[in-house]
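Next comes protein04.cif, a file with mmCIF, C-alpha atoms and all ligand atoms.
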data_model
loop_
_atom_site.group_PDB
_atom_site.id
_atom_site.type_symbol
_atom_site.label_atom_id
_atom_site.label_comp_id
_atom_site.auth_asym_id
_atom_site.auth_seq_id
_atom_site.Cartn_x
_atom_site.Cartn_y
_atom_site.Cartn_z
ATOM 1 C CA MET F 1 21.092 -13.444 -4.118
ATOM 2 C CA SER F 2 18.410 -11.072 -5.413
ATOM 3 C CA GLU F 3 14.802 -12.288 -5.537
ATOM 4 C CA PRO F 4 12.902 -11.594 -8.770
ATOM 5 C CA LEU F 5 10.024 -9.153 -8.330
ATOM 6 C CA VAL F 6 7.266 -7.878 -10.610
ATOM 7 C CA ILE F 7 5.375 -4.656 -9.829
ATOM 8 C CA VAL F 8 1.678 -4.702 -10.714
ATOM 9 C CA GLY F 9 0.443 -1.295 -11.883
ATOM 10 C CA CYS F 10 2.499 1.312 -13.686
ATOM 11 C CA GLY F 11 0.511 4.363 -12.518
ATOM 12 C CA GLY F 12 1.861 6.913 -10.080
ATOM 13 C CA HIS F 13 1.612 4.698 -7.006
ATOM 14 C CA GLY F 14 3.239 1.760 -8.806
ATOM 15 C CA ARG F 15 6.169 3.934 -9.772
ATOM 16 C CA GLU F 16 6.422 5.195 -6.185
ATOM 17 C CA VAL F 17 6.547 1.581 -5.014
ATOM 18 C CA TYR F 18 9.338 1.038 -7.549
ATOM 19 C CA GLY F 19 11.128 3.906 -5.809
ATOM 20 C CA VAL F 20 10.770 2.074 -2.491
ATOM 21 C CA VAL F 21 12.290 -1.090 -3.966
ATOM 22 C CA HIS F 22 15.098 0.952 -5.503
ATOM 23 C CA ALA F 23 15.882 2.598 -2.144
ATOM 24 C CA ILE F 24 15.845 -0.803 -0.403
ATOM 25 C CA ASN F 25 18.232 -2.168 -3.022
ATOM 26 C CA GLU F 26 20.597 0.775 -2.573
ATOM 27 C CA ALA F 27 20.569 0.446 1.217
ATOM 28 C CA TYR F 28 20.659 -3.310 1.670
ATOM 29 C CA GLY F 29 22.705 -4.752 -1.210
ATOM 30 C CA GLU F 30 20.077 -5.501 -3.869
ATOM 31 C CA PRO F 31 17.710 -7.987 -2.175
ATOM 32 C CA TRP F 32 15.288 -7.529 -5.122
ATOM 33 C CA LYS F 33 15.722 -7.765 -8.865
ATOM 34 C CA VAL F 34 12.814 -5.893 -10.475
ATOM 35 C CA LEU F 35 11.937 -7.747 -13.684
ATOM 36 C CA GLY F 36 9.479 -5.019 -14.683
ATOM 37 C CA PHE F 37 5.854 -3.907 -14.500
ATOM 38 C CA VAL F 38 2.589 -5.523 -15.562
ATOM 39 C CA ASP F 39 -0.665 -3.637 -16.085
ATOM 40 C CA ASP F 40 -3.884 -4.540 -17.904
ATOM 41 C CA ALA F 41 -4.639 -1.021 -19.098
ATOM 42 C CA PRO F 42 -1.563 1.217 -18.978
ATOM 43 C CA SER F 43 -2.005 4.691 -20.435
ATOM 44 C CA ASP F 44 0.512 5.958 -22.972
ATOM 45 C CA VAL F 45 1.464 8.671 -20.504
ATOM 46 C CA ASN F 46 2.311 6.140 -17.807
ATOM 47 C CA LEU F 47 4.227 3.926 -20.241
ATOM 48 C CA GLY F 48 6.242 7.002 -21.192
ATOM 49 C CA ARG F 49 6.948 7.770 -17.537
ATOM 50 C CA LEU F 50 7.989 4.173 -16.972
ATOM 51 C CA SER F 51 10.439 4.284 -19.822
ATOM 52 C CA LEU F 52 11.919 7.495 -18.369
ATOM 53 C CA LEU F 53 12.714 5.409 -15.277
ATOM 54 C CA GLY F 54 14.332 2.746 -17.457
ATOM 55 C CA ALA F 55 11.892 0.136 -16.143
ATOM 56 C CA PRO F 56 10.616 -2.577 -18.525
ATOM 57 C CA PHE F 57 6.896 -3.008 -19.214
ATOM 58 C CA LEU F 58 6.194 -6.737 -19.398
ATOM 59 C CA GLY F 59 2.558 -6.711 -20.554
ATOM 60 C CA ALA F 60 -0.788 -7.585 -18.983
ATOM 61 C CA LEU F 61 -1.304 -9.101 -15.520
ATOM 62 C CA ALA F 62 -1.676 -12.524 -17.165
ATOM 63 C CA GLU F 63 2.067 -12.426 -17.917
ATOM 64 C CA LEU F 64 2.701 -12.929 -14.215
ATOM 65 C CA ALA F 65 0.821 -16.237 -14.244
ATOM 66 C CA GLY F 66 3.273 -17.604 -16.819
ATOM 67 C CA MET F 67 6.323 -16.850 -14.681
ATOM 68 C CA GLY F 68 8.094 -19.298 -12.379
ATOM 69 C CA ASP F 69 6.968 -19.679 -8.758
ATOM 70 C CA GLU F 70 10.136 -17.962 -7.572
ATOM 71 C CA VAL F 71 8.938 -14.658 -9.046
ATOM 72 C CA ARG F 72 7.272 -12.541 -6.359
ATOM 73 C CA TYR F 73 5.017 -9.540 -6.798
ATOM 74 C CA VAL F 74 3.894 -6.333 -5.179
ATOM 75 C CA ILE F 75 0.707 -4.474 -6.101
ATOM 76 C CA GLY F 76 1.488 -0.829 -6.784
ATOM 77 C CA ILE F 77 -2.113 0.358 -6.960
ATOM 78 C CA GLY F 78 -3.253 3.089 -4.581
ATOM 79 C CA ASP F 79 -6.983 2.312 -4.524
ATOM 80 C CA PRO F 80 -7.454 -0.415 -1.891
ATOM 81 C CA ARG F 81 -10.562 -1.862 -3.586
ATOM 82 C CA VAL F 82 -8.752 -2.270 -6.880
ATOM 83 C CA ARG F 83 -5.743 -3.677 -5.039
ATOM 84 C CA ALA F 84 -7.962 -6.319 -3.416
ATOM 85 C CA LYS F 85 -9.488 -7.293 -6.773
ATOM 86 C CA VAL F 86 -6.082 -7.613 -8.394
ATOM 87 C CA ALA F 87 -4.815 -9.738 -5.492
ATOM 88 C CA ALA F 88 -7.823 -12.036 -5.917
ATOM 89 C CA LYS F 89 -7.012 -12.389 -9.636
ATOM 90 C CA ILE F 90 -3.420 -13.278 -8.864
ATOM 91 C CA GLY F 91 -4.592 -15.795 -6.265
ATOM 92 C CA ARG F 92 -2.890 -17.219 -3.220
ATOM 93 C CA ALA F 93 -0.673 -19.588 -5.189
ATOM 94 C CA ARG F 94 1.906 -16.896 -5.900
ATOM 95 C CA THR F 95 3.670 -15.277 -2.958
ATOM 96 C CA ALA F 96 3.551 -11.532 -2.548
ATOM 97 C CA ALA F 97 6.788 -9.746 -1.731
ATOM 98 C CA ALA F 98 7.881 -9.715 1.868
ATOM 99 C CA PRO F 99 7.030 -6.344 3.454
ATOM 100 C CA LEU F 100 8.819 -3.573 1.520
ATOM 101 C CA ILE F 101 9.961 -0.972 4.023
ATOM 102 C CA HIS F 102 11.636 2.176 2.735
ATOM 103 C CA PRO F 103 14.938 2.759 4.579
ATOM 104 C CA ASP F 104 13.582 6.167 5.650
ATOM 105 C CA ALA F 105 10.459 4.662 7.239
ATOM 106 C CA SER F 106 10.562 3.722 10.911
ATOM 107 C CA VAL F 107 9.169 0.628 12.541
ATOM 108 C CA GLY F 108 8.964 0.034 16.295
ATOM 109 C CA LEU F 109 8.913 -3.179 18.276
ATOM 110 C CA GLY F 110 6.487 -6.076 18.288
ATOM 111 C CA ASN F 111 4.811 -5.423 14.942
ATOM 112 C CA GLU F 112 3.388 -8.043 12.591
ATOM 113 C CA PHE F 113 3.323 -7.294 8.874
ATOM 114 C CA GLY F 114 1.738 -9.400 6.140
ATOM 115 C CA ASN F 115 3.305 -10.022 2.756
ATOM 116 C CA GLY F 116 2.770 -7.282 0.207
ATOM 117 C CA VAL F 117 2.888 -4.532 2.860
ATOM 118 C CA VAL F 118 4.571 -1.346 1.615
ATOM 119 C CA LEU F 119 5.833 1.474 3.848
ATOM 120 C CA LEU F 120 6.842 4.514 1.830
ATOM 121 C CA ALA F 121 9.463 7.076 2.822
ATOM 122 C CA GLY F 122 8.771 8.737 6.145
ATOM 123 C CA ALA F 123 6.032 6.323 7.218
ATOM 124 C CA ARG F 124 6.075 5.745 10.970
ATOM 125 C CA VAL F 125 4.665 2.615 12.520
ATOM 126 C CA THR F 126 5.185 2.482 16.254
ATOM 127 C CA THR F 127 4.658 -0.555 18.426
ATOM 128 C CA ASN F 128 2.551 -3.751 18.562
ATOM 129 C CA VAL F 129 0.881 -2.829 15.279
ATOM 130 C CA THR F 130 -0.589 -5.442 12.953
ATOM 131 C CA LEU F 131 -0.675 -4.720 9.216
ATOM 132 C CA GLY F 132 -2.479 -7.297 7.091
ATOM 133 C CA ARG F 133 -1.557 -8.352 3.549
ATOM 134 C CA HIS F 134 -1.071 -5.588 0.971
ATOM 135 C CA VAL F 135 -1.510 -2.725 3.440
ATOM 136 C CA HIS F 136 0.231 0.439 2.201
ATOM 137 C CA VAL F 137 1.264 3.285 4.502
ATOM 138 C CA ASN F 138 2.132 6.250 2.335
ATOM 139 C CA GLN F 139 4.719 8.970 2.812
ATOM 140 C CA ASN F 140 4.939 10.594 6.244
ATOM 141 C CA ALA F 141 1.814 8.864 7.531
ATOM 142 C CA THR F 142 1.775 7.449 11.059
ATOM 143 C CA VAL F 143 0.190 4.379 12.639
ATOM 144 C CA GLY F 144 0.085 4.357 16.432
ATOM 145 C CA HIS F 145 0.525 1.604 19.001
ATOM 146 C CA ASP F 146 -1.676 -1.504 19.050
ATOM 147 C CA SER F 147 -3.584 -0.591 15.906
ATOM 148 C CA VAL F 148 -4.751 -3.317 13.547
ATOM 149 C CA LEU F 149 -5.070 -2.564 9.839
ATOM 150 C CA ASP F 150 -6.717 -5.393 7.935
ATOM 151 C CA ASP F 151 -5.767 -6.545 4.436
ATOM 152 C CA PHE F 152 -5.516 -3.924 1.654
ATOM 153 C CA VAL F 153 -5.924 -0.845 3.867
ATOM 154 C CA GLN F 154 -4.440 2.317 2.353
ATOM 155 C CA VAL F 155 -3.180 5.160 4.560
ATOM 156 C CA ASN F 156 -2.428 8.197 2.395
ATOM 157 C CA PRO F 157 0.349 10.766 2.919
ATOM 158 C CA LEU F 158 0.516 12.584 6.267
ATOM 159 C CA ALA F 159 -2.516 10.815 7.714
ATOM 160 C CA ALA F 160 -2.412 9.888 11.393
ATOM 161 C CA VAL F 161 -3.959 6.666 12.634
ATOM 162 C CA SER F 162 -3.822 6.959 16.439
ATOM 163 C CA GLY F 163 -3.214 4.145 18.902
ATOM 164 C CA ASP F 164 -5.615 1.237 19.367
ATOM 165 C CA CYS F 165 -7.495 1.815 16.117
ATOM 166 C CA ARG F 166 -9.024 -0.920 13.982
ATOM 167 C CA LEU F 167 -9.287 -0.419 10.231
ATOM 168 C CA GLY F 168 -11.266 -3.003 8.275
ATOM 169 C CA GLU F 169 -10.293 -4.537 4.944
ATOM 170 C CA ARG F 170 -9.986 -2.094 2.034
ATOM 171 C CA ALA F 171 -10.505 1.000 4.172
ATOM 172 C CA LEU F 172 -8.864 4.159 2.832
ATOM 173 C CA VAL F 173 -7.614 7.005 5.009
ATOM 174 C CA GLY F 174 -7.250 10.172 2.924
ATOM 175 C CA THR F 175 -4.289 12.502 2.910
ATOM 176 C CA THR F 176 -3.736 14.357 6.229
ATOM 177 C CA ALA F 177 -6.794 12.769 7.863
ATOM 178 C CA ALA F 178 -6.667 11.887 11.564
ATOM 179 C CA ILE F 179 -8.339 8.937 13.265
ATOM 180 C CA LEU F 180 -8.586 9.497 17.002
ATOM 181 C CA GLN F 181 -7.467 6.794 19.396
ATOM 182 C CA GLY F 182 -9.403 3.579 19.865
ATOM 183 C CA LEU F 183 -11.773 4.146 16.937
ATOM 184 C CA SER F 184 -12.743 1.759 14.161
ATOM 185 C CA VAL F 185 -13.135 2.373 10.455
ATOM 186 C CA GLY F 186 -15.242 -0.318 8.848
ATOM 187 C CA ALA F 187 -14.317 -2.455 5.861
ATOM 188 C CA GLY F 188 -14.462 -0.591 2.563
ATOM 189 C CA ALA F 189 -14.990 2.799 4.231
ATOM 190 C CA THR F 190 -13.298 5.972 2.964
ATOM 191 C CA VAL F 191 -12.107 8.773 5.222
ATOM 192 C CA GLY F 192 -11.802 11.954 3.146
ATOM 193 C CA ALA F 193 -8.639 13.972 2.924
ATOM 194 C CA GLY F 194 -8.227 16.282 5.923
ATOM 195 C CA ALA F 195 -11.004 14.658 7.959
ATOM 196 C CA CYS F 196 -10.862 14.202 11.718
ATOM 197 C CA VAL F 197 -12.608 10.975 12.724
ATOM 198 C CA VAL F 198 -14.080 11.289 16.232
ATOM 199 C CA ARG F 199 -16.517 8.363 16.243
ATOM 200 C CA PRO F 200 -16.547 4.897 14.635
ATOM 201 C CA VAL F 201 -17.030 4.855 10.852
ATOM 202 C CA PRO F 202 -19.431 2.204 9.528
ATOM 203 C CA SER F 203 -18.353 -0.129 6.717
ATOM 204 C CA ASP F 204 -18.699 1.028 3.103
ATOM 205 C CA THR F 205 -19.384 4.651 3.961
ATOM 206 C CA ILE F 206 -17.573 7.891 3.056
ATOM 207 C CA VAL F 207 -16.915 10.425 5.803
ATOM 208 C CA LYS F 208 -15.288 13.833 5.467
ATOM 209 C CA GLY F 209 -14.742 17.100 7.288
ATOM 210 C CA VAL F 210 -13.941 18.098 10.871
ATOM 211 C CA PRO F 211 -15.432 16.384 12.754
ATOM 212 C CA ALA F 212 -15.921 13.721 10.091
ATOM 213 C CA ARG F 213 -19.529 12.993 9.121
HETATM 214 C C1 LIG F 301 -14.110 12.535 0.319
HETATM 215 C C2 LIG F 301 -13.780 11.915 -1.023
HETATM 216 C C3 LIG F 301 -13.638 10.413 -0.861
HETATM 217 C C4 LIG F 301 -14.756 12.229 -2.123
HETATM 218 O O1 LIG F 301 -16.056 11.981 -1.770
HETATM 219 P P1 LIG F 301 -17.214 12.315 -2.814
HETATM 220 O O2 LIG F 301 -18.466 12.275 -2.044
HETATM 221 O O3 LIG F 301 -17.071 11.465 -4.035
HETATM 222 O O4 LIG F 301 -16.827 13.838 -3.189
HETATM 223 P P2 LIG F 301 -17.190 14.770 -4.392
HETATM 224 O O5 LIG F 301 -15.938 15.072 -5.138
HETATM 225 O O6 LIG F 301 -18.387 14.264 -5.180
HETATM 226 O O7 LIG F 301 -17.637 16.072 -3.596
HETATM 227 C C5 LIG F 301 -18.816 16.135 -2.854
HETATM 228 C C6 LIG F 301 -18.728 17.296 -1.903
HETATM 229 O O8 LIG F 301 -17.776 16.979 -0.864
HETATM 230 C C7 LIG F 301 -16.757 17.987 -0.839
HETATM 231 N N1 LIG F 301 -15.506 17.289 -0.523
HETATM 232 C C8 LIG F 301 -14.798 16.420 -1.309
HETATM 233 N N2 LIG F 301 -13.760 15.950 -0.648
HETATM 234 C C9 LIG F 301 -13.771 16.535 0.572
HETATM 235 C C10 LIG F 301 -12.921 16.424 1.687
HETATM 236 N N3 LIG F 301 -11.838 15.637 1.689
HETATM 237 N N4 LIG F 301 -13.241 17.146 2.800
HETATM 238 C C11 LIG F 301 -14.332 17.969 2.802
HETATM 239 N N5 LIG F 301 -15.165 18.087 1.762
HETATM 240 C C12 LIG F 301 -14.894 17.383 0.658
HETATM 241 C C13 LIG F 301 -16.773 18.620 -2.218
HETATM 242 O O9 LIG F 301 -16.259 19.918 -2.190
HETATM 243 C C14 LIG F 301 -18.244 18.587 -2.527
HETATM 244 O O10 LIG F 301 -18.876 19.639 -1.838
HETATM 245 P P3 LIG F 301 -20.171 20.383 -2.423
HETATM 246 O O11 LIG F 301 -21.230 19.315 -2.568
HETATM 247 O O12 LIG F 301 -20.498 21.402 -1.379
HETATM 248 O O13 LIG F 301 -19.730 20.945 -3.736
HETATM 249 C C15 LIG F 301 -12.491 12.499 -1.632
HETATM 250 O O14 LIG F 301 -12.668 13.862 -2.009
HETATM 251 C C16 LIG F 301 -11.294 12.378 -0.753
HETATM 252 O O15 LIG F 301 -11.013 13.205 0.117
HETATM 253 N N6 LIG F 301 -10.515 11.280 -1.019
HETATM 254 C C17 LIG F 301 -9.233 11.049 -0.465
HETATM 255 C C18 LIG F 301 -8.237 11.443 -1.508
HETATM 256 C C19 LIG F 301 -6.800 11.279 -1.111
HETATM 257 O O16 LIG F 301 -6.417 10.930 -0.022
HETATM 258 N N7 LIG F 301 -5.958 11.521 -2.096
HETATM 259 C C20 LIG F 301 -4.542 11.394 -1.957
HETATM 260 C C21 LIG F 301 -3.972 10.407 -2.916
HETATM 261 S S1 LIG F 301 -2.277 10.121 -2.564
#
Go through the file and emit its structure as structure tokens.
Amino acid sequence: MSEPLVIVGCGGHGREVYGVVHAINEAYGEPWKVLGFVDDAPSDVNLGRLSLLGAPFLGALAELAGMGDEVRYVIGIGDPRVRAKVAAKIGRARTAAAPLIHPDASVGLGNEFGNGVVLLAGARVTTNVTLGRHVHVNQNATVGHDSVLDDFVQVNPLAAVSGDCRLGERALVGTTAAILQGLSVGAGATVGAGACVVRPVPSDTIVKGVPAR
């Protein structure tokens, strides 16, 4: 039987997450029934794009609170800080979706994934990796062996997190950035697109460039 699912956020990333759920449903016999999207401040443009997909808009985030406990959710918001705030609003009482793994992503052995994890098409997670709650690994990004990505981390398309890395809560790794092996990126830090991280990144800082500073 399909489990009911609501997607939070009808922006571009939310609609990409919808695409992941759709691909999972096609591949594995409809494990999810998407009831629709909620969003506190949807733009007219995004509502138009949603309707092109034939996906219902259900209203503000508060609508989710009024739904039965069986309804699960996934946060389709690309900014990890906003994702963390929205998760706090929803609270722990409601269960996030089980990890949503696109059929074209690959996952090795011995990994641990929290609820609300999303792996988009082409994401590669190798072995003994831990992904906390609501971690998103975007298209064609890679996460190497033994790395630990804490809750809400966002890895953007084509980024490479090498083996043995530690990424703190809400860290963002920009598109095509590389984190060299064994390094840490502190909580709330941002690694700019195209950066090469060669030394640890302190919490709540922005680094960019090659080597990243
Ligand atoms: C680095 C980043 C976080 C922005 O930082 P910021 O300090 O707010 O950047 P600003 O836009 O104010 O630009 C400041 C300077 O940094 C430069 N800059 C911005 N992003 C850069 C990057 N990724 N690499 C190198 N330089 C960058 C700008 O050109 C500007 O240079 P200048 O002062 O010589 O004109 C952002 O540009 C970035 O790369 N974010 C990741 C985005 C991403 O992954 N998007 C994909 C979504 S799927």
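With all atoms listed in the file as the atoms that count, the set of residues no farther than 7 Å from ligand LIG 301 (chain F) is Asn156, Pro157, Val173, Gly174, Thr175, Thr190, Val191, Gly192, Ala193, Gly194, Ala195, Ile206, Val207, Lys208 and Gly209 of chain F.
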Write the residues you've just listed into a file as a short mmCIF file (atom, residue, chain, number, x, y, z; two decimals), in the frame of the given file, and include C-alpha atoms for each of them.
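Dumped everything to part_31.cif:
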data_model
loop_
_atom_site.label_atom_id
_atom_site.label_comp_id
_atom_site.auth_asym_id
_atom_site.auth_seq_id
_atom_site.Cartn_x
_atom_site.Cartn_y
_atom_site.Cartn_z
CA ASN F 156 -2.43 8.20 2.40
CA PRO F 157 0.35 10.77 2.92
CA VAL F 173 -7.61 7.00 5.01
CA GLY F 174 -7.25 10.17 2.92
CA THR F 175 -4.29 12.50 2.91
CA THR F 190 -13.30 5.97 2.96
CA VAL F 191 -12.11 8.77 5.22
CA GLY F 192 -11.80 11.95 3.15
CA ALA F 193 -8.64 13.97 2.92
CA GLY F 194 -8.23 16.28 5.92
CA ALA F 195 -11.00 14.66 7.96
CA ILE F 206 -17.57 7.89 3.06
CA VAL F 207 -16.92 10.42 5.80
CA LYS F 208 -15.29 13.83 5.47
CA GLY F 209 -14.74 17.10 7.29
#
Next item on the list: Spell out the residues picked by the PyMOL selection byres (((chain F and resi 19) around 12) and not hetatm) here, as a ChimeraX atom specification.
Entry: /F:7,10,12-18,20-26,34,50,53,55,76,100-104,118-121,139
Can I get the selected residues back with C-alpha atoms, as a JSON list (two decimals), keeping the file's coordinate frame?
[["chain", "number", "residue", "atom", "x", "y", "z"],
["F", 7, "ILE", "CA", 5.38, -4.66, -9.83],
["F", 10, "CYS", "CA", 2.50, 1.31, -13.69],
["F", 12, "GLY", "CA", 1.86, 6.91, -10.08],
["F", 13, "HIS", "CA", 1.61, 4.70, -7.01],
["F", 14, "GLY", "CA", 3.24, 1.76, -8.81],
["F", 15, "ARG", "CA", 6.17, 3.93, -9.77],
["F", 16, "GLU", "CA", 6.42, 5.20, -6.18],
["F", 17, "VAL", "CA", 6.55, 1.58, -5.01],
["F", 18, "TYR", "CA", 9.34, 1.04, -7.55],
["F", 20, "VAL", "CA", 10.77, 2.07, -2.49],
["F", 21, "VAL", "CA", 12.29, -1.09, -3.97],
["F", 22, "HIS", "CA", 15.10, 0.95, -5.50],
["F", 23, "ALA", "CA", 15.88, 2.60, -2.14],
["F", 24, "ILE", "CA", 15.84, -0.80, -0.40],
["F", 25, "ASN", "CA", 18.23, -2.17, -3.02],
["F", 26, "GLU", "CA", 20.60, 0.78, -2.57],
["F", 34, "VAL", "CA", 12.81, -5.89, -10.48],
["F", 50, "LEU", "CA", 7.99, 4.17, -16.97],
["F", 53, "LEU", "CA", 12.71, 5.41, -15.28],
["F", 55, "ALA", "CA", 11.89, 0.14, -16.14],
["F", 76, "GLY", "CA", 1.49, -0.83, -6.78],
["F", 100, "LEU", "CA", 8.82, -3.57, 1.52],
["F", 101, "ILE", "CA", 9.96, -0.97, 4.02],
["F", 102, "HIS", "CA", 11.64, 2.18, 2.74],
["F", 103, "PRO", "CA", 14.94, 2.76, 4.58],
["F", 104, "ASP", "CA", 13.58, 6.17, 5.65],
["F", 118, "VAL", "CA", 4.57, -1.35, 1.62],
["F", 119, "LEU", "CA", 5.83, 1.47, 3.85],
["F", 120, "LEU", "CA", 6.84, 4.51, 1.83],
["F", 121, "ALA", "CA", 9.46, 7.08, 2.82],
["F", 139, "GLN", "CA", 4.72, 8.97, 2.81]]
Notebook entry, point to check: For the file shown, what are the residues hit by the PyMOL selection byres (((chain F and resi 162) around 9) and not hetatm), laid out as a PyMOL selection string?
Noted result: chain F and resi 142-145+147+160-161+163-165+178-183
Check: atom CA of Pro211 of chain F and atom CA of Ala141 of chain F are how many Å apart?
Finding: 19.5 Å
Margin query: Measuring between all atoms listed in the file, which one of F:Val153, F:Val135, F:Leu5, F:Ala105 shows the shortest distance to Leu35 of chain F?
Written below: F:Leu5
Notebook entry, point to check: Using only C-alpha atoms, which of F:Gly68, F:Gly48, F:Gly9, F:Gly114 sits nearest Arg94 of chain F?
Noted result: F:Gly68
Check: In Å to one decimal, how far is atom CA of Gly168 of chain F from atom CA of Val148 of chain F?
Finding: 8.4 Å
Next item on the list: Could you please determine the separation between atom CA of Glu112 of chain F and atom CA of Asn128 of chain F in Å, to one decimal place?
Entry: 7.4 Å
Picked residues, the PyMOL selection byres (((chain F and resi 106) around 7) and not hetatm), as a short mmCIF file (atom, residue, chain, number, x, y, z; two decimals) with C-alpha atoms, in the coordinates of the input:
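The resulting part.cif:
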data_model
loop_
_atom_site.label_atom_id
_atom_site.label_comp_id
_atom_site.auth_asym_id
_atom_site.auth_seq_id
_atom_site.Cartn_x
_atom_site.Cartn_y
_atom_site.Cartn_z
CA ASP F 104 13.58 6.17 5.65
CA ALA F 105 10.46 4.66 7.24
CA VAL F 107 9.17 0.63 12.54
CA GLY F 108 8.96 0.03 16.30
CA ALA F 123 6.03 6.32 7.22
CA ARG F 124 6.08 5.74 10.97
CA VAL F 125 4.66 2.62 12.52
#
Notebook entry, point to check: What's the 8 Å shell around Phe57 of chain F, counting only C-alpha atoms, without same-chain residues fewer than 2 positions away, as a PyMOL selection string?
Noted result: chain F and resi 36-38+47+50+55+59
Give the padded box for segment 204-212 of chain F as JSON: axis-aligned, covering all atoms listed in the file, 3 Å on each side, centre and edge lengths in Å to one decimal.
{"center_x": -16.7, "center_y": 9.6, "center_z": 7.9, "size_x": 11.4, "size_y": 23.1, "size_z": 15.7}
Next item on the list: For Lys85 of chain F, list every protein, DNA or RNA residue within 12 Å, evaluated using all atoms listed in the file, and leave out those in the same chain fewer than 3 positions away; present the list as a list of chain:residue names.
Entry: F:Ile75, F:Ile77, F:Asp79, F:Pro80, F:Arg81, F:Val82, F:Ala88, F:Lys89, F:Ile90, F:Gly91, F:His134, F:Asp151, F:Phe152, F:Arg170
Margin query: Neighbouring residues of Ala98 of chain F were defined as those with any atom within 10 Å, considering all atoms listed in the file; residues of the same chain fewer than 6 positions away were excluded. Please report them as number ranges by chain.
Written below: F: 72-74, 113-118, 133-134
Incomplete segment 66-83 of chain F brought to N, CA and C atoms, written out as a PDB file, keeping the file's coordinate frame:
ATOM      1  N   GLY F  66       2.370 -16.737 -16.055  1.00  0.00           N
ATOM      2  CA  GLY F  66       3.273 -17.604 -16.819  1.00  0.00           C
ATOM      3  C   GLY F  66       4.692 -17.645 -16.270  1.00  0.00           C
ATOM      4  N   MET F  67       4.949 -16.897 -15.213  1.00  0.00           N
ATOM      5  CA  MET F  67       6.323 -16.850 -14.681  1.00  0.00           C
ATOM      6  C   MET F  67       6.525 -17.926 -13.612  1.00  0.00           C
ATOM      7  N   GLY F  68       7.764 -18.273 -13.373  1.00  0.00           N
ATOM      8  CA  GLY F  68       8.094 -19.298 -12.379  1.00  0.00           C
ATOM      9  C   GLY F  68       7.643 -18.899 -10.978  1.00  0.00           C
ATOM     10  N   ASP F  69       7.455 -19.924 -10.125  1.00  0.00           N
ATOM     11  CA  ASP F  69       6.968 -19.679  -8.758  1.00  0.00           C
ATOM     12  C   ASP F  69       7.904 -18.794  -7.939  1.00  0.00           C
ATOM     13  N   GLU F  70       9.170 -18.750  -8.352  1.00  0.00           N
ATOM     14  CA  GLU F  70      10.136 -17.962  -7.572  1.00  0.00           C
ATOM     15  C   GLU F  70       9.919 -16.459  -7.751  1.00  0.00           C
ATOM     16  N   VAL F  71       9.164 -16.087  -8.794  1.00  0.00           N
ATOM     17  CA  VAL F  71       8.938 -14.658  -9.046  1.00  0.00           C
ATOM     18  C   VAL F  71       7.884 -14.145  -8.072  1.00  0.00           C
ATOM     19  N   ARG F  72       8.213 -13.119  -7.323  1.00  0.00           N
ATOM     20  CA  ARG F  72       7.272 -12.541  -6.359  1.00  0.00           C
ATOM     21  C   ARG F  72       6.700 -11.254  -6.922  1.00  0.00           C
ATOM     22  N   TYR F  73       5.677 -10.726  -6.252  1.00  0.00           N
ATOM     23  CA  TYR F  73       5.017  -9.540  -6.798  1.00  0.00           C
ATOM     24  C   TYR F  73       4.649  -8.576  -5.680  1.00  0.00           C
ATOM     25  N   VAL F  74       4.460  -7.330  -6.078  1.00  0.00           N
ATOM     26  CA  VAL F  74       3.894  -6.333  -5.179  1.00  0.00           C
ATOM     27  C   VAL F  74       2.876  -5.553  -5.998  1.00  0.00           C
ATOM     28  N   ILE F  75       1.758  -5.183  -5.359  1.00  0.00           N
ATOM     29  CA  ILE F  75       0.707  -4.474  -6.101  1.00  0.00           C
ATOM     30  C   ILE F  75       0.861  -2.970  -5.847  1.00  0.00           C
ATOM     31  N   GLY F  76       1.259  -2.274  -6.903  1.00  0.00           N
ATOM     32  CA  GLY F  76       1.488  -0.829  -6.784  1.00  0.00           C
ATOM     33  C   GLY F  76       0.271  -0.044  -7.233  1.00  0.00           C
ATOM     34  N   ILE F  77      -0.854  -0.318  -6.604  1.00  0.00           N
ATOM     35  CA  ILE F  77      -2.113   0.358  -6.960  1.00  0.00           C
ATOM     36  C   ILE F  77      -2.642   1.018  -5.697  1.00  0.00           C
ATOM     37  N   GLY F  78      -2.911   2.334  -5.784  1.00  0.00           N
ATOM     38  CA  GLY F  78      -3.253   3.089  -4.581  1.00  0.00           C
ATOM     39  C   GLY F  78      -4.662   2.872  -4.075  1.00  0.00           C
ATOM     40  N   ASP F  79      -5.590   2.516  -4.952  1.00  0.00           N
ATOM     41  CA  ASP F  79      -6.983   2.312  -4.524  1.00  0.00           C
ATOM     42  C   ASP F  79      -7.103   0.923  -3.875  1.00  0.00           C
ATOM     43  N   PRO F  80      -7.478   0.880  -2.585  1.00  0.00           N
ATOM     44  CA  PRO F  80      -7.454  -0.415  -1.891  1.00  0.00           C
ATOM     45  C   PRO F  80      -8.454  -1.425  -2.449  1.00  0.00           C
ATOM     46  N   ARG F  81      -9.564  -0.922  -3.010  1.00  0.00           N
ATOM     47  CA  ARG F  81     -10.562  -1.862  -3.586  1.00  0.00           C
ATOM     48  C   ARG F  81     -10.011  -2.525  -4.839  1.00  0.00           C
ATOM     49  N   VAL F  82      -9.351  -1.714  -5.653  1.00  0.00           N
ATOM     50  CA  VAL F  82      -8.752  -2.270  -6.880  1.00  0.00           C
ATOM     51  C   VAL F  82      -7.609  -3.222  -6.497  1.00  0.00           C
ATOM     52  N   ARG F  83      -6.854  -2.820  -5.482  1.00  0.00           N
ATOM     53  CA  ARG F  83      -5.743  -3.677  -5.039  1.00  0.00           C
ATOM     54  C   ARG F  83      -6.261  -5.042  -4.605  1.00  0.00           C
TER      55      ARG F  83
END
